[in-house]
>>> print(open('model37.cif').read())   # mmCIF, C-alpha atoms
data_target
#
loop_
_atom_site.group_PDB
_atom_site.id
_atom_site.type_symbol
_atom_site.label_atom_id
_atom_site.label_comp_id
_atom_site.auth_asym_id
_atom_site.auth_seq_id
_atom_site.Cartn_x
_atom_site.Cartn_y
_atom_site.Cartn_z
ATOM 1 C CA MET A 4 5.539 4.786 9.881
ATOM 2 C CA ASP A 5 9.204 4.080 10.606
ATOM 3 C CA GLU A 6 8.735 2.417 13.950
ATOM 4 C CA TRP A 7 5.823 0.666 15.567
ATOM 5 C CA THR A 8 5.032 -1.755 18.344
ATOM 6 C CA ASP A 9 3.198 -4.982 17.781
ATOM 7 C CA LYS A 10 0.288 -5.804 20.066
ATOM 8 C CA ASN A 11 2.515 -8.165 22.059
ATOM 9 C CA GLY A 12 5.102 -5.452 22.687
ATOM 10 C CA ASP A 13 7.642 -6.373 19.997
ATOM 11 C CA LEU A 14 9.286 -3.287 18.526
ATOM 12 C CA TYR A 15 9.766 -3.091 14.766
ATOM 13 C CA ARG A 16 11.824 -0.510 12.868
ATOM 14 C CA LEU A 17 11.962 0.258 9.156
ATOM 15 C CA ASP A 18 14.939 -1.456 7.534
ATOM 16 C CA ALA A 19 16.918 1.259 5.781
ATOM 17 C CA ASP A 20 18.961 -1.401 3.987
ATOM 18 C CA ALA A 21 15.988 -3.090 2.340
ATOM 19 C CA PRO A 22 16.143 -3.221 -1.471
ATOM 20 C CA ALA A 23 14.634 -0.268 -3.326
ATOM 21 C CA GLY A 24 10.859 -0.486 -3.419
ATOM 22 C CA VAL A 25 10.725 -3.021 -0.599
ATOM 23 C CA VAL A 26 9.216 -2.002 2.740
ATOM 24 C CA ARG A 27 10.632 -4.245 5.429
ATOM 25 C CA TYR A 28 10.593 -3.852 9.192
ATOM 26 C CA LEU A 29 13.130 -5.508 11.458
ATOM 27 C CA LEU A 30 12.354 -6.816 14.916
ATOM 28 C CA VAL A 31 14.645 -4.670 17.061
ATOM 29 C CA LYS A 32 13.308 -5.425 20.516
ATOM 30 C CA LYS A 33 11.487 -8.529 21.592
ATOM 31 C CA ALA A 34 8.862 -8.100 24.265
ATOM 32 C CA LYS A 35 9.623 -9.686 27.605
ATOM 33 C CA ALA A 36 7.782 -12.907 28.245
ATOM 34 C CA PRO A 37 5.244 -12.527 31.048
ATOM 35 C CA ALA A 38 6.470 -13.807 34.393
ATOM 36 C CA LYS A 39 5.046 -17.123 35.477
ATOM 37 C CA LYS A 40 2.527 -16.899 38.246
ATOM 38 C CA LYS A 41 3.348 -18.707 41.417
ATOM 39 C CA SER A 42 0.950 -21.428 42.250
ATOM 40 C CA SER A 43 -1.459 -20.395 44.939
ATOM 41 C CA VAL A 44 -1.860 -23.980 46.069
ATOM 42 C CA LYS A 45 0.615 -24.829 48.790
ATOM 43 C CA LYS A 46 2.159 -28.219 48.713
ATOM 44 C CA GLU A 47 0.873 -30.400 51.456
ATOM 45 C CA LYS A 48 3.462 -31.708 53.826
ATOM 46 C CA LYS A 49 3.795 -35.408 54.029
ATOM 47 C CA GLU A 50 2.913 -36.728 57.413
ATOM 48 C CA MET B 23 -15.248 10.498 -15.959
ATOM 49 C CA ALA B 24 -12.965 13.126 -14.549
ATOM 50 C CA GLN B 25 -15.962 15.042 -13.292
ATOM 51 C CA ASN B 26 -17.349 11.942 -11.663
ATOM 52 C CA ARG B 27 -14.049 11.329 -9.964
ATOM 53 C CA LYS B 28 -13.940 14.877 -8.733
ATOM 54 C CA PHE B 29 -17.494 14.577 -7.471
ATOM 55 C CA GLN B 30 -16.630 11.391 -5.591
ATOM 56 C CA ASP B 31 -13.595 13.018 -4.022
ATOM 57 C CA PHE B 32 -15.717 15.909 -2.873
ATOM 58 C CA VAL B 33 -18.644 13.937 -1.570
ATOM 59 C CA GLY B 34 -16.496 11.224 -0.024
ATOM 60 C CA ASN B 35 -17.044 7.701 1.098
ATOM 61 C CA LEU B 36 -19.736 8.685 3.568
ATOM 62 C CA TYR B 37 -22.297 9.306 0.807
ATOM 63 C CA THR B 38 -21.170 7.138 -2.066
ATOM 64 C CA ASP B 39 -19.654 3.855 -0.970
ATOM 65 C CA ARG B 40 -20.841 3.235 2.528
ATOM 66 C CA GLU B 41 -22.437 -0.096 1.731
ATOM 67 C CA GLN B 42 -19.877 -1.365 -0.725
ATOM 68 C CA LEU B 43 -17.637 -4.264 0.184
ATOM 69 C CA LYS B 44 -14.150 -3.391 -0.993
ATOM 70 C CA SER B 45 -11.210 -5.599 -1.692
ATOM 71 C CA LEU B 46 -7.471 -5.487 -1.911
ATOM 72 C CA VAL B 47 -5.445 -8.006 -3.868
ATOM 73 C CA LEU B 48 -1.893 -7.964 -2.582
ATOM 74 C CA LEU B 49 1.312 -9.775 -3.350
ATOM 75 C CA TYR B 50 4.387 -11.072 -1.571
ATOM 76 C CA ASP B 51 6.977 -12.249 -4.071
ATOM 77 C CA PHE B 52 10.297 -13.604 -2.823
ATOM 78 C CA THR B 53 12.017 -12.675 -6.073
ATOM 79 C CA VAL B 54 11.097 -9.034 -5.454
ATOM 80 C CA SER B 55 11.043 -8.606 -1.684
ATOM 81 C CA GLY B 56 13.464 -11.317 -0.569
ATOM 82 C CA GLY B 57 12.887 -13.563 2.412
ATOM 83 C CA ALA B 58 15.003 -12.142 5.221
ATOM 84 C CA GLN B 59 13.545 -12.349 8.701
ATOM 85 C CA GLY B 60 11.378 -9.372 9.533
ATOM 86 C CA ALA B 61 8.024 -7.957 8.543
ATOM 87 C CA ILE B 62 7.723 -7.387 4.799
ATOM 88 C CA ALA B 63 4.909 -5.231 3.453
ATOM 89 C CA PHE B 64 2.699 -6.747 0.795
ATOM 90 C CA THR B 65 2.336 -4.632 -2.354
ATOM 91 C CA ASP B 66 -0.411 -4.315 -4.923
ATOM 92 C CA LEU B 67 -0.096 -6.447 -8.046
ATOM 93 C CA ASP B 68 2.031 -3.757 -9.701
ATOM 94 C CA GLY B 69 4.515 -3.669 -6.853
ATOM 95 C CA ASN B 70 3.269 -0.417 -5.363
ATOM 96 C CA ALA B 71 2.600 0.220 -1.706
ATOM 97 C CA ALA B 72 -0.926 -0.647 -0.605
ATOM 98 C CA THR B 73 -2.678 -0.083 2.688
ATOM 99 C CA ILE B 74 -5.933 -0.745 4.472
ATOM 100 C CA PRO B 75 -7.595 2.574 5.365
ATOM 101 C CA ALA B 76 -8.064 3.675 8.949
ATOM 102 C CA ASN B 77 -11.187 2.360 10.665
ATOM 103 C CA ALA B 78 -11.943 -0.133 7.917
ATOM 104 C CA VAL B 79 -13.572 -3.318 9.136
ATOM 105 C CA VAL B 80 -11.749 -6.252 7.584
ATOM 106 C CA THR B 81 -14.175 -9.102 7.129
ATOM 107 C CA ASN B 82 -12.202 -11.733 5.265
ATOM 108 C CA CYS B 83 -8.706 -12.717 4.203
ATOM 109 C CA VAL B 84 -7.805 -15.499 1.810
ATOM 110 C CA SER B 85 -4.348 -16.542 0.671
ATOM 111 C CA ASP B 86 -3.508 -18.018 -2.682
ATOM 112 C CA VAL B 87 -0.006 -19.487 -2.727
ATOM 113 C CA LEU B 88 1.245 -19.113 -6.277
ATOM 114 C CA VAL B 89 4.748 -20.438 -5.625
ATOM 115 C CA PRO B 90 5.320 -22.759 -2.654
ATOM 116 C CA LEU B 91 7.218 -21.251 0.249
ATOM 117 C CA ALA B 92 10.738 -22.551 0.742
ATOM 118 C CA SER B 93 13.340 -22.286 3.472
ATOM 119 C CA GLY B 94 16.665 -23.842 4.361
ATOM 120 C CA GLY B 95 15.627 -23.844 8.011
ATOM 121 C CA SER B 96 12.474 -23.883 10.063
ATOM 122 C CA ALA B 97 11.092 -20.529 8.949
ATOM 123 C CA THR B 98 7.715 -19.409 10.172
ATOM 124 C CA LEU B 99 5.407 -16.952 8.523
ATOM 125 C CA ALA B 100 2.706 -14.827 10.121
ATOM 126 C CA LEU B 101 0.211 -12.733 8.199
ATOM 127 C CA GLY B 102 -1.149 -9.521 9.629
ATOM 128 C CA ILE B 103 -1.049 -5.764 9.679
ATOM 129 C CA THR B 104 1.059 -3.042 11.193
ATOM 130 C CA GLY B 105 0.689 -3.355 14.962
ATOM 131 C CA ASN B 106 -0.972 -6.754 14.766
ATOM 132 C CA THR B 107 1.348 -9.086 12.898
ATOM 133 C CA ASP B 108 -0.830 -12.152 13.373
ATOM 134 C CA ALA B 109 -4.214 -10.626 12.603
ATOM 135 C CA PHE B 110 -4.708 -13.052 9.714
ATOM 136 C CA ARG B 111 -2.460 -16.006 10.614
ATOM 137 C CA GLY B 112 -0.207 -16.582 13.610
ATOM 138 C CA ALA B 113 3.379 -17.693 13.095
ATOM 139 C CA THR B 114 3.089 -20.951 11.184
ATOM 140 C CA ALA B 115 5.718 -23.219 9.636
ATOM 141 C CA PHE B 116 6.404 -22.302 6.020
ATOM 142 C CA ASN B 117 5.490 -25.811 4.865
ATOM 143 C CA ASN B 118 2.260 -26.054 6.850
ATOM 144 C CA ALA B 119 -0.903 -26.920 4.952
ATOM 145 C CA ALA B 120 -2.159 -23.399 5.653
ATOM 146 C CA TYR B 121 0.369 -22.166 3.107
ATOM 147 C CA ILE B 122 -0.452 -24.605 0.360
ATOM 148 C CA GLY B 123 -2.936 -23.636 -2.327
ATOM 149 C CA VAL B 124 -5.884 -21.507 -1.250
ATOM 150 C CA ASP B 125 -6.791 -21.088 2.396
ATOM 151 C CA ALA B 126 -8.733 -18.796 4.693
ATOM 152 C CA GLN B 127 -6.518 -16.638 6.914
ATOM 153 C CA ASN B 128 -8.875 -15.252 9.496
ATOM 154 C CA ASN B 129 -7.078 -15.635 12.827
ATOM 155 C CA GLU B 130 -8.434 -12.434 14.420
ATOM 156 C CA VAL B 131 -10.792 -11.365 11.667
ATOM 157 C CA PRO B 132 -12.836 -9.231 11.867
ATOM 158 C CA VAL B 133 -10.332 -6.541 12.752
ATOM 159 C CA LYS B 134 -10.639 -2.752 12.695
ATOM 160 C CA PRO B 135 -7.314 -0.939 12.578
ATOM 161 C CA ALA B 136 -7.514 2.564 14.048
ATOM 162 C CA THR B 137 -4.960 3.926 11.597
ATOM 163 C CA GLU B 138 -4.015 3.251 7.990
ATOM 164 C CA VAL B 139 -1.967 0.045 8.026
ATOM 165 C CA SER B 140 0.200 -2.063 5.787
ATOM 166 C CA VAL B 141 -0.388 -5.761 5.330
ATOM 167 C CA LEU B 142 2.649 -7.703 6.499
ATOM 168 C CA ALA B 143 4.302 -11.053 5.972
ATOM 169 C CA THR B 144 6.365 -11.584 9.118
ATOM 170 C CA ILE B 145 9.166 -14.102 8.689
ATOM 171 C CA ALA B 146 10.888 -15.532 11.769
ATOM 172 C CA ALA B 147 13.176 -18.338 12.963
ATOM 173 C CA ALA B 148 14.882 -18.631 9.560
ATOM 174 C CA ASP B 149 14.860 -16.865 6.201
ATOM 175 C CA LEU B 150 12.535 -17.827 3.378
ATOM 176 C CA THR B 151 14.280 -18.807 0.170
ATOM 177 C CA GLY B 152 11.295 -18.788 -2.135
ATOM 178 C CA GLY B 153 7.579 -18.264 -2.396
ATOM 179 C CA LYS B 154 4.860 -16.088 -3.798
ATOM 180 C CA ILE B 155 1.566 -15.386 -2.066
ATOM 181 C CA ARG B 156 -1.458 -13.503 -3.314
ATOM 182 C CA LEU B 157 -3.641 -12.184 -0.519
ATOM 183 C CA ILE B 158 -7.266 -11.259 -1.067
ATOM 184 C CA ILE B 159 -8.655 -8.985 1.641
ATOM 185 C CA GLN B 160 -12.229 -7.783 1.914
ATOM 186 C CA TYR B 161 -13.309 -4.850 4.036
ATOM 187 C CA HIS B 162 -15.861 -2.133 4.569
ATOM 188 C CA GLU B 163 -14.659 1.418 5.025
ATOM 189 C CA SER B 164 -15.900 3.255 8.064
ATOM 190 C CA VAL B 165 -18.711 5.718 7.440
ATOM 191 C CA LEU B 166 -18.321 7.511 10.741
ATOM 192 C CA ALA B 167 -14.625 8.279 10.944
#
>>> encode(input="model37.cif", output="structure tokens")
Amino acid sequence: MDEWTDKNGDLYRLDADAPAGVVRYLLVKKAKAPAKKKSSVKKEKKE
Amino acid sequence: MAQNRKFQDFVGNLYTDREQLKSLVLLYDFTVSGGAQGAIAFTDLDGNAATIPANAVVTNCVSDVLVPLASGGSATLALGITGNTDAFRGATAFNNAAYIGVDAQNNEVPVKPATEVSVLATIAAADLTGGKIRLIIQYHESVLA
């Protein structure tokens, strides 16, 4: 498997420059962090 | 012996080993694999590739740190499998107590990978500059797939 995606969306690719006999995957694309949800509670206006 | 082996190959796991707990003893050795950031596949004790078979149910993972991990920075190490790099241990500082001596590494265990997978040491934040870990993994092979 030369390329695979981690469960969180990070993309890993086989490192062709790894030493002989070593299987190493490089993180080539970091998954985007989930957008923060806006609070559903409206701020109360001060009277 | 050869005949037995041939018989086992023919009959398969479904009829011979379906109740047997199996184990893998794997190794990460900095002097062999280096410590550059990325996901490095553990090998068997002879340095050969080793994998967990598809549909195996992994029931336990224990680490035995033979040489303490070292880093010139704040390296983290996660232990897992292809597609789930923190199945056994989420990213944890190299000098954390979890990586000293013998410790259970069962973050998401039990796990059941759908395909044959490698066991990975995922290094991030900084390179490792030393360390040797033996990983002992126990699993049951699937009898249905």
>>> closest_atom_pairs(input="model37.cif", of="chain B", to="chain A", cutoff="8 Å", atoms="only C-alpha atoms", output="CSV")
residue,atom,partner,partner_atom,distance
B:Val54,CA,A:Val25,CA,7.7
B:Ser55,CA,A:Val25,CA,5.7
B:Gln59,CA,A:Leu29,CA,7.4
B:Gly60,CA,A:Leu29,CA,4.7
B:Ala61,CA,A:Tyr28,CA,4.9
B:Ile62,CA,A:Arg27,CA,4.3
B:Ala63,CA,A:Val26,CA,5.4
B:Gly69,CA,A:Gly24,CA,7.9
B:Asn70,CA,A:Gly24,CA,7.8
B:Thr104,CA,A:Asp9,CA,7.2
B:Gly105,CA,A:Asp9,CA,4.1
B:Asn106,CA,A:Asp9,CA,5.4
B:Thr107,CA,A:Asp9,CA,6.6
>>> resolve_selection(input="model37.cif", expression="the PyMOL selection byres ((chain B and resi 87) around 10)", output="PyMOL selection string")
chain B and resi 49-50+84-86+88-91+120-125+153-157
>>> atom_distance(input="model37.cif", atom1="CA of Gly57 (chain B)", atom2="CA of Val80 (chain B)")
26.2 Å
>>> residues_around(input="model37.cif", residues="Glu138 (chain B)", least_positions_apart="2", cutoff="10 Å", atoms="only C-alpha atoms", output="ChimeraX atom specification")
/A:4 /B:72-78,103-104,135-136,140
>>> atom_distance(input="model37.cif", atom1="CA of Ala119 (chain B)", atom2="CA of Thr65 (chain B)")
23.7 Å
>>> resolve_selection(input="model37.cif", expression="the PyMOL selection byres ((chain B and resi 108) around 10)", output="MDAnalysis selection string")
(chainID A and resid 9:10) or (chainID B and resid 99:107 109:114 127:130 142:144)
>>> atom_distance(input="model37.cif", atom1="CA of Thr151 (chain B)", atom2="CA of Ala34 (chain A)")
26.9 Å
>>> closest_residue(input="model37.cif", among="B:Leu67, B:Ala146, B:Val131, B:Ala92", to="Gln160 (chain B)", atoms="all atoms listed in the file")
B:Val131
>>> closest_residue(input="model37.cif", among="B:Ala148, B:Thr53, B:Val79, B:Val141", to="Glu41 (chain B)", atoms="only C-alpha atoms")
B:Val79
>>> closest_residue(input="model37.cif", among="B:Ala71, B:Gly56, B:Phe64, B:Asn82", to="Ile158 (chain B)", atoms="only C-alpha atoms")
B:Asn82
